[in-house]
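For reference, query.cif (mmCIF, N, CA and C atoms and all ligand atoms):
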```cif
data_structure
#
loop_
_atom_site.label_atom_id
_atom_site.label_comp_id
_atom_site.auth_asym_id
_atom_site.auth_seq_id
_atom_site.Cartn_x
_atom_site.Cartn_y
_atom_site.Cartn_z
N MET H 1 88.49 91.99 98.95
CA MET H 1 89.25 91.40 100.07
C MET H 1 89.00 92.19 101.35
N GLY H 2 89.19 93.51 101.29
CA GLY H 2 89.03 94.29 102.51
C GLY H 2 87.60 94.70 102.74
N LEU H 3 87.36 95.23 103.93
CA LEU H 3 86.02 95.69 104.26
C LEU H 3 85.82 97.12 103.78
N TYR H 4 86.93 97.77 103.52
CA TYR H 4 86.85 99.18 103.19
C TYR H 4 86.38 99.37 101.76
N PHE H 5 85.52 100.33 101.57
CA PHE H 5 85.13 100.69 100.21
C PHE H 5 84.83 102.17 100.20
N ASP H 6 84.94 102.74 99.05
CA ASP H 6 84.65 104.17 98.94
C ASP H 6 83.16 104.39 99.13
N PRO H 7 82.81 105.27 100.04
CA PRO H 7 81.38 105.53 100.24
C PRO H 7 80.81 106.20 99.01
N PRO H 8 79.59 105.87 98.65
CA PRO H 8 78.96 106.52 97.49
C PRO H 8 78.73 107.99 97.77
N LEU H 9 78.71 108.77 96.73
CA LEU H 9 78.51 110.21 96.89
C LEU H 9 77.04 110.56 96.74
N VAL H 10 76.64 111.51 97.54
CA VAL H 10 75.28 112.03 97.43
C VAL H 10 75.35 113.36 96.70
N PRO H 11 74.69 113.47 95.56
CA PRO H 11 74.73 114.74 94.84
C PRO H 11 74.09 115.84 95.65
N ARG H 12 74.54 117.04 95.40
CA ARG H 12 74.11 118.15 96.22
C ARG H 12 72.61 118.43 96.11
N CYS H 13 72.05 118.10 94.98
CA CYS H 13 70.62 118.35 94.80
C CYS H 13 69.79 117.44 95.70
N ARG H 14 70.39 116.34 96.13
CA ARG H 14 69.72 115.36 96.98
C ARG H 14 68.43 114.86 96.35
N GLN H 15 68.41 114.81 95.07
CA GLN H 15 67.23 114.31 94.38
C GLN H 15 67.51 112.95 93.79
N HIS H 16 66.48 112.16 93.79
CA HIS H 16 66.59 110.91 93.05
C HIS H 16 66.32 111.20 91.58
N LEU H 17 66.80 110.33 90.74
CA LEU H 17 66.56 110.56 89.32
C LEU H 17 65.09 110.26 89.02
N THR H 18 64.41 111.24 88.55
CA THR H 18 62.99 111.11 88.20
C THR H 18 62.78 111.72 86.83
N GLN H 19 61.54 111.74 86.43
CA GLN H 19 61.26 112.38 85.14
C GLN H 19 61.53 113.88 85.18
N TYR H 20 61.52 114.41 86.42
CA TYR H 20 61.79 115.85 86.53
C TYR H 20 63.28 116.13 86.66
N HIS H 21 63.99 115.12 87.05
CA HIS H 21 65.43 115.29 87.25
C HIS H 21 66.09 114.07 86.64
N ARG H 22 66.21 114.11 85.33
CA ARG H 22 66.59 112.91 84.61
C ARG H 22 68.06 112.55 84.82
N ALA H 23 68.83 113.57 85.02
CA ALA H 23 70.26 113.30 85.23
C ALA H 23 70.83 114.38 86.13
N HIS H 24 71.82 113.98 86.91
CA HIS H 24 72.47 114.97 87.75
C HIS H 24 73.40 115.80 86.90
N SER H 25 73.28 117.08 87.06
CA SER H 25 74.13 117.97 86.28
C SER H 25 75.45 118.16 87.00
N ARG H 26 76.32 118.89 86.38
CA ARG H 26 77.61 119.17 86.98
C ARG H 26 77.44 119.86 88.34
N GLU H 27 76.43 120.71 88.40
CA GLU H 27 76.20 121.44 89.66
C GLU H 27 75.79 120.47 90.77
N CYS H 28 75.04 119.44 90.38
CA CYS H 28 74.62 118.46 91.39
C CYS H 28 75.83 117.82 92.05
N TRP H 29 76.82 117.51 91.24
CA TRP H 29 77.97 116.78 91.76
C TRP H 29 79.02 117.68 92.38
N ALA H 30 78.91 118.98 92.05
CA ALA H 30 79.88 119.89 92.66
C ALA H 30 79.58 119.96 94.16
N GLY H 31 80.52 119.61 94.97
CA GLY H 31 80.30 119.61 96.41
C GLY H 31 79.50 118.43 96.89
N ALA H 32 79.45 117.39 96.07
CA ALA H 32 78.76 116.17 96.51
C ALA H 32 79.44 115.62 97.76
N GLN H 33 78.63 115.11 98.65
CA GLN H 33 79.18 114.63 99.92
C GLN H 33 79.11 113.12 99.99
N ALA H 34 80.09 112.59 100.67
CA ALA H 34 80.09 111.14 100.86
C ALA H 34 78.97 110.76 101.82
N VAL H 35 78.39 109.64 101.55
CA VAL H 35 77.34 109.13 102.43
C VAL H 35 77.93 108.87 103.80
N GLU H 36 77.22 109.30 104.81
CA GLU H 36 77.70 109.01 106.16
C GLU H 36 77.09 107.72 106.65
N PHE H 37 77.94 106.90 107.16
CA PHE H 37 77.44 105.66 107.73
C PHE H 37 77.17 105.91 109.20
N PRO H 38 75.95 105.69 109.61
CA PRO H 38 75.60 105.99 111.01
C PRO H 38 76.50 105.24 111.98
N GLN H 39 76.90 104.03 111.65
CA GLN H 39 77.72 103.27 112.59
C GLN H 39 79.13 103.81 112.67
N MET H 40 79.49 104.68 111.71
CA MET H 40 80.83 105.25 111.71
C MET H 40 80.84 106.64 112.35
N LYS H 41 79.68 107.11 112.72
CA LYS H 41 79.58 108.49 113.16
C LYS H 41 80.39 108.77 114.41
N ASP H 42 80.34 107.84 115.34
CA ASP H 42 81.03 108.05 116.62
C ASP H 42 82.48 107.62 116.58
N VAL H 43 82.89 107.11 115.43
CA VAL H 43 84.27 106.64 115.34
C VAL H 43 85.17 107.81 115.00
N PRO H 44 86.19 108.05 115.82
CA PRO H 44 87.11 109.14 115.50
C PRO H 44 87.78 108.90 114.16
N SER H 45 88.09 109.98 113.46
CA SER H 45 88.57 109.86 112.09
C SER H 45 89.87 109.08 112.00
N GLU H 46 90.68 109.13 113.07
CA GLU H 46 91.95 108.41 113.00
C GLU H 46 91.75 106.91 113.06
N LEU H 47 90.53 106.49 113.39
CA LEU H 47 90.25 105.07 113.44
C LEU H 47 89.61 104.58 112.15
N ILE H 48 89.37 105.50 111.24
CA ILE H 48 88.73 105.10 109.99
C ILE H 48 89.80 104.92 108.93
N GLY H 49 89.79 103.76 108.32
CA GLY H 49 90.82 103.37 107.38
C GLY H 49 90.67 104.04 106.03
N PRO H 50 91.40 103.60 105.06
CA PRO H 50 92.30 102.47 105.18
C PRO H 50 93.62 102.84 105.83
N PHE H 51 94.24 101.87 106.45
CA PHE H 51 95.53 102.07 107.11
C PHE H 51 96.60 101.37 106.29
N PRO H 52 97.50 102.14 105.69
CA PRO H 52 98.56 101.52 104.92
C PRO H 52 99.55 100.82 105.81
N CYS H 53 99.98 99.65 105.37
CA CYS H 53 101.00 98.91 106.11
C CYS H 53 102.35 99.56 105.87
N GLN H 54 103.17 99.67 106.94
CA GLN H 54 104.48 100.31 106.78
C GLN H 54 105.46 99.41 106.02
N PHE H 55 105.14 98.13 105.96
CA PHE H 55 106.12 97.19 105.44
C PHE H 55 105.81 96.71 104.03
N CYS H 56 104.57 96.88 103.60
CA CYS H 56 104.24 96.44 102.26
C CYS H 56 103.17 97.36 101.69
N GLU H 57 102.66 97.00 100.54
CA GLU H 57 101.74 97.88 99.82
C GLU H 57 100.30 97.76 100.30
N ARG H 58 100.06 96.87 101.21
CA ARG H 58 98.68 96.60 101.57
C ARG H 58 98.06 97.72 102.40
N LYS H 59 96.77 97.84 102.26
CA LYS H 59 96.02 98.79 103.08
C LYS H 59 94.93 98.01 103.80
N LEU H 60 94.78 98.30 105.07
CA LEU H 60 93.83 97.56 105.88
C LEU H 60 92.70 98.48 106.32
N PRO H 61 91.51 97.93 106.42
CA PRO H 61 90.34 98.78 106.72
C PRO H 61 90.30 99.27 108.16
N THR H 62 90.91 98.55 109.08
CA THR H 62 90.86 98.98 110.48
C THR H 62 92.23 98.80 111.11
N VAL H 63 92.41 99.44 112.26
CA VAL H 63 93.66 99.29 113.00
C VAL H 63 93.86 97.83 113.39
N GLN H 64 92.76 97.23 113.83
CA GLN H 64 92.84 95.83 114.22
C GLN H 64 93.31 94.96 113.07
N ALA H 65 92.74 95.23 111.90
CA ALA H 65 93.12 94.44 110.73
C ALA H 65 94.58 94.67 110.38
N LEU H 66 95.02 95.90 110.54
CA LEU H 66 96.42 96.22 110.25
C LEU H 66 97.34 95.46 111.22
N GLU H 67 97.00 95.52 112.49
CA GLU H 67 97.82 94.82 113.48
C GLU H 67 97.82 93.32 113.21
N GLN H 68 96.64 92.83 112.89
CA GLN H 68 96.51 91.42 112.58
C GLN H 68 97.39 91.05 111.39
N HIS H 69 97.30 91.86 110.35
CA HIS H 69 98.08 91.62 109.13
C HIS H 69 99.58 91.64 109.44
N GLN H 70 100.00 92.67 110.19
CA GLN H 70 101.43 92.80 110.47
C GLN H 70 101.93 91.68 111.37
N SER H 71 101.07 91.28 112.31
CA SER H 71 101.51 90.24 113.24
C SER H 71 101.66 88.92 112.52
N VAL H 72 101.00 88.77 111.38
CA VAL H 72 101.12 87.54 110.62
C VAL H 72 102.15 87.69 109.51
N ALA H 73 101.99 88.72 108.70
CA ALA H 73 102.82 88.85 107.51
C ALA H 73 104.20 89.42 107.82
N HIS H 74 104.29 90.19 108.88
CA HIS H 74 105.58 90.85 109.17
C HIS H 74 106.02 90.55 110.60
N LYS H 75 105.74 89.33 111.03
CA LYS H 75 106.03 88.96 112.41
C LYS H 75 107.50 89.21 112.74
N LYS H 76 108.35 88.73 111.84
CA LYS H 76 109.78 88.82 112.10
C LYS H 76 110.23 90.27 112.17
N ARG H 77 109.73 91.03 111.22
CA ARG H 77 110.09 92.45 111.14
C ARG H 77 109.67 93.17 112.43
N LEU H 78 108.46 92.87 112.89
CA LEU H 78 107.98 93.51 114.10
C LEU H 78 108.84 93.14 115.29
N GLU H 79 109.21 91.88 115.35
CA GLU H 79 110.05 91.44 116.47
C GLU H 79 111.41 92.12 116.43
N GLU H 80 111.93 92.25 115.23
CA GLU H 80 113.22 92.94 115.10
C GLU H 80 113.11 94.38 115.58
N ILE H 81 112.04 95.02 115.20
CA ILE H 81 111.85 96.41 115.61
C ILE H 81 111.72 96.50 117.13
N LYS H 82 110.94 95.59 117.69
CA LYS H 82 110.75 95.58 119.13
C LYS H 82 112.09 95.40 119.83
N MET H 83 112.85 94.43 119.35
CA MET H 83 114.17 94.17 119.92
C MET H 83 115.04 95.40 119.80
N GLY H 84 115.00 96.01 118.64
CA GLY H 84 115.80 97.20 118.40
C GLY H 84 115.43 98.31 119.36
N GLN H 85 114.14 98.45 119.61
CA GLN H 85 113.70 99.50 120.52
C GLN H 85 114.19 99.23 121.93
N ILE H 86 114.06 97.98 122.36
CA ILE H 86 114.49 97.63 123.71
C ILE H 86 115.99 97.85 123.85
N LEU H 87 116.73 97.40 122.84
CA LEU H 87 118.18 97.58 122.87
C LEU H 87 118.52 99.06 122.92
N GLY H 88 117.83 99.82 122.11
CA GLY H 88 118.09 101.25 122.05
C GLY H 88 117.81 101.92 123.37
N GLU H 89 116.68 101.54 124.00
CA GLU H 89 116.33 102.14 125.27
C GLU H 89 117.36 101.78 126.34
N THR H 90 117.73 100.52 126.36
CA THR H 90 118.71 100.08 127.34
C THR H 90 120.01 100.83 127.17
N LEU H 91 120.39 100.95 125.93
CA LEU H 91 121.65 101.65 125.62
C LEU H 91 121.56 103.10 126.09
N ALA H 92 120.44 103.73 125.78
CA ALA H 92 120.26 105.13 126.15
C ALA H 92 120.27 105.30 127.66
N GLN H 93 119.64 104.36 128.35
CA GLN H 93 119.61 104.43 129.80
C GLN H 93 121.02 104.30 130.37
N ASN H 94 121.73 103.33 129.85
CA ASN H 94 123.09 103.11 130.35
C ASN H 94 123.96 104.32 130.10
N LEU H 95 123.84 104.86 128.92
CA LEU H 95 124.66 106.02 128.59
C LEU H 95 124.30 107.20 129.47
N GLY H 96 123.01 107.30 129.82
CA GLY H 96 122.57 108.44 130.59
C GLY H 96 122.95 108.35 132.05
N SER H 97 122.92 107.16 132.63
CA SER H 97 123.05 107.04 134.08
C SER H 97 124.47 106.74 134.54
N PHE H 98 125.30 106.32 133.64
CA PHE H 98 126.67 106.01 134.06
C PHE H 98 127.64 107.07 133.56
N PRO H 99 128.61 107.39 134.33
CA PRO H 99 129.65 108.29 133.84
C PRO H 99 130.49 107.59 132.78
N ALA H 100 131.27 108.35 132.12
CA ALA H 100 132.08 107.77 131.07
C ALA H 100 132.92 106.64 131.64
N PRO H 101 133.03 105.57 130.91
CA PRO H 101 133.72 104.37 131.43
C PRO H 101 135.14 104.66 131.88
N SER H 102 135.84 105.55 131.21
CA SER H 102 137.24 105.79 131.55
C SER H 102 137.37 106.43 132.93
N ALA H 103 136.36 107.24 133.30
CA ALA H 103 136.44 107.91 134.59
C ALA H 103 136.16 106.92 135.73
N GLN H 104 135.48 105.84 135.38
CA GLN H 104 135.07 104.91 136.40
C GLN H 104 136.16 103.88 136.70
N ARG H 105 137.01 103.71 135.73
CA ARG H 105 137.99 102.66 135.86
C ARG H 105 138.99 102.99 136.98
N PRO H 106 139.17 102.08 137.92
CA PRO H 106 140.12 102.34 139.00
C PRO H 106 141.54 102.42 138.45
N LYS H 107 142.32 103.30 139.05
CA LYS H 107 143.68 103.45 138.55
C LYS H 107 144.53 102.28 139.01
N MET H 108 145.28 101.85 138.09
CA MET H 108 146.19 100.75 138.44
C MET H 108 147.42 101.35 139.11
N ARG H 109 147.68 100.85 140.27
CA ARG H 109 148.87 101.37 140.95
C ARG H 109 150.08 100.56 140.50
N LYS H 110 151.08 101.31 140.19
CA LYS H 110 152.32 100.62 139.81
C LYS H 110 153.03 100.15 141.06
N ARG H 111 153.30 98.92 141.05
CA ARG H 111 154.04 98.42 142.20
C ARG H 111 155.51 98.80 142.07
N LYS H 112 156.01 99.23 143.14
CA LYS H 112 157.44 99.54 143.10
C LYS H 112 158.21 98.23 143.01
N LYS H 113 159.01 98.23 142.02
CA LYS H 113 159.78 97.02 141.86
C LYS H 113 160.84 96.93 142.97
N ALA H 114 160.82 95.79 143.52
CA ALA H 114 161.88 95.58 144.51
C ALA H 114 163.18 95.34 143.78
N THR H 115 164.03 96.31 143.92
CA THR H 115 165.30 96.17 143.21
C THR H 115 166.41 95.84 144.20
N SER H 116 167.42 95.42 143.65
CA SER H 116 168.56 95.06 144.51
C SER H 116 169.24 96.30 145.07
N LYS H 117 169.01 97.42 144.33
CA LYS H 117 169.64 98.65 144.81
C LYS H 117 168.76 99.31 145.85
N ALA H 118 168.62 98.74 146.95
CA ALA H 118 167.85 99.34 148.02
C ALA H 118 168.67 100.41 148.70
N LYS H 119 168.02 101.25 149.52
CA LYS H 119 168.74 102.33 150.17
C LYS H 119 169.72 101.79 151.20
ZN ZN H 201 70.88 116.18 90.67
ZN ZN H 202 102.16 94.48 105.27
#
```
For the structure just supplied, provide its representation as structure tokens.
Amino acid sequence: MGLYFDPPLVPRCRQHLTQYHRAHSRECWAGAQAVEFPQMKDVPSELIGPFPCQFCERKLPTVQALEQHQSVAHKKRLEEIKMGQILGETLAQNLGSFPAPSAQRPKMRKRKKATSKAK
């Protein structure tokens, strides 16, 4: 399904199997290196997958594929998170820039009741 696959390992002896080297020994495989793909050479390691999805068990070969997958499979979840972030930011801003609500509230002046017992 995915594009990602484990790169084959190159044995340390770097020999092909021939009549002189019929099988790779344990030493050949010790420190065997993964084949480097030339097209991946310039790609920073954080861009090389697989990228596990935060919402399910799937792993995607590229960031783009992950975003694509999430935007389809977890659309609602992503929107909820986005909304939550916006709400949270707004809340934080309001809390930060306004004084406590009680201090802001104008004091209610008590009206003197006009009583019959005037001076
Ligand atoms: Zn070998
Ligand atoms: Zn997912």
**Request:** Would you list the residues that come within 12 Å of ligand ZN 201 (chain H)? Count only C-alpha atoms and all ligand atoms and give the answer as an MDAnalysis selection string.
**Result:** chainID H and resid 9:32
**Request:** Select, from H:Gln70, H:Ile81, H:Asn94, H:Pro8, the residue with the minimum atom-to-atom distance to H:Gln54, counting only N, CA and C atoms.
**Result:**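 The shortest atom-to-atom distance to H:Gln54 comes from H:Gln70.
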**Asked** Which of these, H:Ala73, H:Leu95, H:Val35, H:Met83, has the shortest distance to ligand ZN 202 (chain H) once you count only C-alpha atoms and all ligand atoms?
**Response**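 When distances to ligand ZN 202 (chain H) are compared using only C-alpha atoms and all ligand atoms, the smallest one comes from H:Ala73.
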**Asked** How many Å lie between atom C of H:Ala65 and atom C of H:Gly49, rounded to one decimal?
**Response** 11.0 Å
Each residue of chain H with at least one atom at most 5 Å from ligand ZN 202 (chain H) should appear once, together with its nearest atom pair and the corresponding distance in Å (one decimal); atoms considered: only N, CA and C atoms and all ligand atoms; ordering: chain, then increasing residue number; output as CSV.
```
residue,atom,partner,partner_atom,distance
H:Cys53,CA,H:ZN202,ZN,4.7
H:Phe55,C,H:ZN202,ZN,4.5
H:Cys56,N,H:ZN202,ZN,3.8
```
**Prompt:** For the atom pair atom CA of H:His69 and atom C of H:Pro50, what is the interatomic distance in Å to one decimal place?
**Reply:** 12.5 Å
**Request:** Quick one: pull the distance between atom C of H:Glu79 and atom C of H:Gly96, Å, one decimal.
**Result:**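 If I compute the distance from atom C of H:Glu79 to atom C of H:Gly96, I get 25.3 Å.
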**Message:** Give me, as an MDAnalysis selection string, the residues of stretch 6-78 of chain H that a backbone DSSP run labels helix (DSSP H, G or I).
**Reply:** chainID H and resid 26:29 38:40 45:47 63:73 75:78
